[in-house]
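Participant: Before we start, here is the structure in question, set down as structure tokens.
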Amino acid sequence: MMMREKIAKAQRIVVKIGSALLTNDGQGLDVARIGLWVAQIAQLRAQGKEVVLVSSGSIAAGMKRLGFTSRPTQVNELQAAAAVGQMELVGVYESHFEKHGLCTAQILLTHDDLSNRRRYLNARSSLRTLLGFGVVPIINENDTVVTDEIRFGDNDTLGALVANLVEADALIILTDQQGLFDKNPRDYPDATLISHASASDDRLESMASGGAGLLGSGGMLTKVRAARLAARSGADTLIASGREDNVIPRVAMGESIGTWLEPDYCRQAARKLWIAGHLKSRGSLVLDTGAVRALREEGTSLLAVGVKDAEGSFSRGDMVVCVDELGVLVARGLINYSVAETLKLLGQPSSNIGGILGYEAEPELIHRDDLVII
Ligand SMILES: Nc1ncnc2c1ncn2[C@@H]1O[C@H](COP(=O)(O)OP(=O)(O)O)[C@@H](O)[C@H]1O
Ligand SMILES: N[C@@H](CCC(=O)OP(=O)(O)O)C(=O)O
């Protein structure tokens, strides 16, 4: 059997389960099947892998509870269904995960949470902390407060943005088909499965443009686009059938099932390109010689103790440039503190941050994952 060795090495995995799968043909949540996926995720946790779950299903579950026989068209009714259904959804997950001794956390995100750098960093920090505690975060869109203009709409996009957020190695999208076919298998029985492609391959979109199922929102098109988004931070995307036996561990072990959409760059390079290419610098830091050497030679994070001066108008999450004492460019990175906070921290060890500011967002001024050495 052909194995995908790169995938088998993935340590941090985002698993997205779509509406089409989670519901029993619109008959509410498929509680028994959810139990199977939870058991599969528990296997990954037992192997030491970190898992973030992005789960749809709130609207479909709420529709059943509120007696809708077809998807409501009014936004307020959809929001009400989502609020009712989300309770049931997380309740079902929590009770299943508990049987495996695993703790869960509910995180409901909106578009704003990920587009505003400050909230993005806060969401990232909470997620990293939860993963550090061994918790399985369960994420959905906060459907009850979003309006059409600002919604992700489909959870494939949300799954990819979460993969960017936590710098996942892989995004596994479970759906009701075996993977991406060269045309919609619902309409074309002769459609053939794409086993492996580059996430940036332009031909994928036209293959995937065949629409969604009755309960899903995005169809394959949003999955292909999600793979491209996930690739920005270097994550591989795997699209597979949630009905396949023991699918999550099999995909995660690198078994060649479903579709594998691979980023063009290696993970580290993709992430660095993303940092370097997408943000404009809002200020600068002057580093002492020790800090310059630590960054260049040891690939460390930047600590306040090695920073001599700061200027500009940056806030938490902004891009700043780092220069040496002669003004030579050393690195670019996303800073964890504003300019006012940074000025108070100059030359200070990380252990003093809490005492000086009254809180500590992160021990580093710039985490090494957010730093590109020039
Ligand atoms: N090229 C394709 N390959 C596979 N499925 C496709 C393709 N084009 C369209 N689809 C449709 O996408 C659907 C899955 O997307 P969707 O209904 O949104 O599910 P989910 O809720 O899992 O995201 C499939 O049931 C299928 O009908
Ligand atoms: N946030 C919505 C899910 C939206 C949706 O259906 O997405 P998808 O499963 O990707 O087709 C819900 O929980 O009902």
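To be explicit about the labels: the chains of the structure tokens are called A, B, and onward in the order shown, and within each one the residues are counted from 1, while ligands get numbers from 1 in the order they are shown.
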Hey, which residues come within 7 Å of ligand 2 if we count only C-alpha atoms and all ligand atoms? Could you give them as JSON, numbers by chain?

Facilitator: {"A": [17, 18, 19, 20, 55, 56, 57, 58, 59, 60, 82, 140, 141, 143, 153, 154, 155, 156, 215, 216, 217, 218, 219]}

Participant: If we count only C-alpha atoms and set the cut-off at 12 Å, which residues sit around Cys103 (chain A), ignoring sequence neighbours fewer than 3 positions away in its own chain? Please answer as a PyMOL selection string.

Facilitator: chain A and resi 38+42+45+51+90+93-100+106+130-131+133-138

Participant: I need the residues of region 149-341 of chain A that end up classed as strand (DSSP E or B) by DSSP on the backbone, written out as a PyMOL selection string.

Facilitator: chain A and resi 170-175+181+193+196-198+236-241+255+259-262+281-287+302+307-312+319-323+329-334

Participant: Can you write just those residues out, C-alpha atoms, as an mmCIF file, in the first residue's frame?

Facilitator:
data_model
loop_
_atom_site.group_PDB
_atom_site.id
_atom_site.type_symbol
_atom_site.label_atom_id
_atom_site.label_comp_id
_atom_site.auth_asym_id
_atom_site.auth_seq_id
_atom_site.Cartn_x
_atom_site.Cartn_y
_atom_site.Cartn_z
ATOM 1 C CA ALA A 170 -2.394 18.969 8.426
ATOM 2 C CA LEU A 171 -6.054 19.793 7.850
ATOM 3 C CA ILE A 172 -8.300 16.750 7.505
ATOM 4 C CA ILE A 173 -11.674 17.590 5.943
ATOM 5 C CA LEU A 174 -14.224 14.839 6.375
ATOM 6 C CA THR A 175 -17.194 14.896 4.052
ATOM 7 C CA PHE A 181 -13.324 13.873 -7.925
ATOM 8 C CA LEU A 193 -10.987 10.387 -7.515
ATOM 9 C CA HIS A 196 -2.824 13.731 -4.939
ATOM 10 C CA ALA A 197 -2.415 17.258 -6.322
ATOM 11 C CA SER A 198 -0.739 20.524 -5.511
ATOM 12 C CA ASP A 236 -1.282 19.708 3.933
ATOM 13 C CA THR A 237 -5.001 19.163 3.334
ATOM 14 C CA LEU A 238 -6.642 15.753 3.163
ATOM 15 C CA ILE A 239 -10.238 15.348 2.017
ATOM 16 C CA ALA A 240 -11.781 11.993 2.845
ATOM 17 C CA SER A 241 -15.045 10.271 3.551
ATOM 18 C CA GLU A 255 -2.651 5.802 4.320
ATOM 19 C CA THR A 259 -7.445 13.363 -1.718
ATOM 20 C CA TRP A 260 -4.154 14.860 -0.573
ATOM 21 C CA LEU A 261 -3.625 18.514 -1.522
ATOM 22 C CA GLU A 262 -0.044 19.479 -0.855
ATOM 23 C CA SER A 281 5.988 47.032 8.952
ATOM 24 C CA ARG A 282 4.683 49.430 11.625
ATOM 25 C CA GLY A 283 7.879 50.119 13.534
ATOM 26 C CA SER A 284 11.387 49.016 14.363
ATOM 27 C CA LEU A 285 13.430 47.538 17.199
ATOM 28 C CA VAL A 286 17.171 47.980 17.799
ATOM 29 C CA LEU A 287 18.783 44.743 19.027
ATOM 30 C CA LEU A 302 13.398 37.685 20.532
ATOM 31 C CA VAL A 307 16.240 45.077 22.744
ATOM 32 C CA LYS A 308 17.771 48.538 23.199
ATOM 33 C CA ASP A 309 15.231 50.797 21.529
ATOM 34 C CA ALA A 310 11.840 50.796 19.802
ATOM 35 C CA GLU A 311 10.107 53.272 17.551
ATOM 36 C CA GLY A 312 6.998 53.470 15.390
ATOM 37 C CA MET A 319 4.881 43.538 11.829
ATOM 38 C CA VAL A 320 8.082 45.271 12.970
ATOM 39 C CA VAL A 321 11.605 45.241 11.564
ATOM 40 C CA CYS A 322 14.573 44.358 13.775
ATOM 41 C CA VAL A 323 17.904 46.113 13.114
ATOM 42 C CA LEU A 329 18.276 44.827 8.927
ATOM 43 C CA VAL A 330 18.318 41.528 10.864
ATOM 44 C CA ALA A 331 14.754 40.209 10.914
ATOM 45 C CA ARG A 332 11.069 40.939 10.519
ATOM 46 C CA GLY A 333 8.411 39.602 12.832
ATOM 47 C CA LEU A 334 5.029 39.907 14.509
#

Participant: Assign secondary structure with DSSP using the backbone only, and return the residues of region 78-323 of chain A in alpha helix (DSSP H) as a PyMOL selection string.

Facilitator: chain A and resi 78-99+111-115+117-132+155-165+203-207+219-232+247-252+267-278+289-293

Participant: Using only C-alpha atoms, pick whichever of A:Asn246, A:Ser126, A:Ser200, A:Ser70 has the shortest atom-to-atom distance to Leu229 (chain A).

Facilitator: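 Closest candidate: A:Ser200.
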
Participant: List the neighbours of Leu161 (chain A) out to 9 Å using only C-alpha atoms; skip same-chain residues closer than 2 positions along the sequence, and give me the result as a PyMOL selection string.

Facilitator: chain A and resi 114+156-159+163-166+226+229-230

Participant: Just want the 10 Å neighbourhood of Leu44 (chain A), counted on only C-alpha atoms, with same-chain residues fewer than 3 positions away dropped. Output as an MDAnalysis selection string.

Facilitator: chainID A and resid 11:13 38:41 47:51 248:249 252:253

Participant: Neighbours of region 335-349 of chain A within 9 Å (only C-alpha atoms; same-chain residues fewer than 6 positions away dropped), as number ranges by chain?

Facilitator: A: 121, 283, 303-320, 356-357, 361-367, 370-371

Participant: A:Leu326, A:Leu36, A:Met220, A:Ala80: which is nearest ligand 1, counting only C-alpha atoms and all ligand atoms?

Facilitator: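 Checking each candidate against ligand 1, we get A:Met220 as the closest.
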
Participant: I'd like the contact shell of Ala191 (chain A) - 8 Å cut-off, only C-alpha atoms, skipping same-chain residues fewer than 4 positions apart - returned as a list in words.

Facilitator: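 So, after excluding close chain neighbours, the residues are Phe181, Asp182, Lys183, Asn184 and Pro185 of chain A.
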
Participant: Identify which of the residues A:Arg128, A:Arg203, A:Lys280, A:Lys223 lies closest to ligand 1, counting only C-alpha atoms and all ligand atoms when measuring atom-to-atom distances.

Facilitator: A:Lys223

Participant: For ligand 1, which residue among A:Ala123, A:Ile373, A:Val54, A:Ala231 is the nearest when counting only C-alpha atoms and all ligand atoms?

Facilitator: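 Looking only at the distances to ligand 1, the closest residue turns out to be A:Val54.
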
Participant: My list of candidates is A:Arg225, A:Arg232, A:Arg33, A:Lys9. Which is closest to Leu21 (chain A) when distances are computed with only C-alpha atoms?

Facilitator: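 Result for the nearest residue to Leu21 (chain A): A:Arg33.
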
Participant: Rounded to one decimal in Å, what is the spacing between CA of Arg124 (chain A) and CA of Val162 (chain A)?

Facilitator: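 Straight-line distance from CA of Arg124 (chain A) to CA of Val162 (chain A) works out to 8.8 Å.
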
Participant: Find, counting only C-alpha atoms and all ligand atoms, the residue in A:Gly67, A:Gly258, A:Gly91, A:Gly62 that gets nearest to ligand 1.

Facilitator: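 For ligand 1, the nearest of the candidates is A:Gly258.
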
Participant: Would you list the contacts of Gly254 (chain A) as a list in words, taking every protein, DNA or RNA residue within 9 Å and counting only C-alpha atoms, but skipping same-chain residues closer than 6 positions in sequence?

Facilitator: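 Near neighbours after the sequence-gap exclusion: Met2, Met3, Arg4, Glu5, Lys6, Ile7, Ala8 and Lys9 of chain A.
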
Participant: Only C-alpha atoms, please: the residues just picked out, written as a JSON list (two decimals), in the first residue's frame.

Facilitator:
[["chain", "number", "residue", "atom", "x", "y", "z"],
["A", 2, "MET", "CA", 1.29, 3.49, -0.89],
["A", 3, "MET", "CA", 1.89, 5.59, 2.22],
["A", 4, "ARG", "CA", 2.09, 9.37, 2.51],
["A", 5, "GLU", "CA", 5.10, 9.56, 4.79],
["A", 6, "LYS", "CA", 4.99, 13.31, 5.19],
["A", 7, "ILE", "CA", 1.43, 13.13, 6.55],
["A", 8, "ALA", "CA", 2.36, 10.42, 9.06],
["A", 9, "LYS", "CA", 4.73, 12.94, 10.67]]

Participant: So how many Å separate CA of Ser125 (chain A) and CA of Arg151 (chain A), to one decimal?

Facilitator: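 Answer for the CA of Ser125 (chain A) to CA of Arg151 (chain A) separation: 22.5 Å.
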
Participant: Grab the CA of Ala208 (chain A) to atom 5 (N, counted along the ligand's line) of ligand 1 distance for me, in Å with one decimal place.

Facilitator: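 These two atoms are separated by 6.6 Å.
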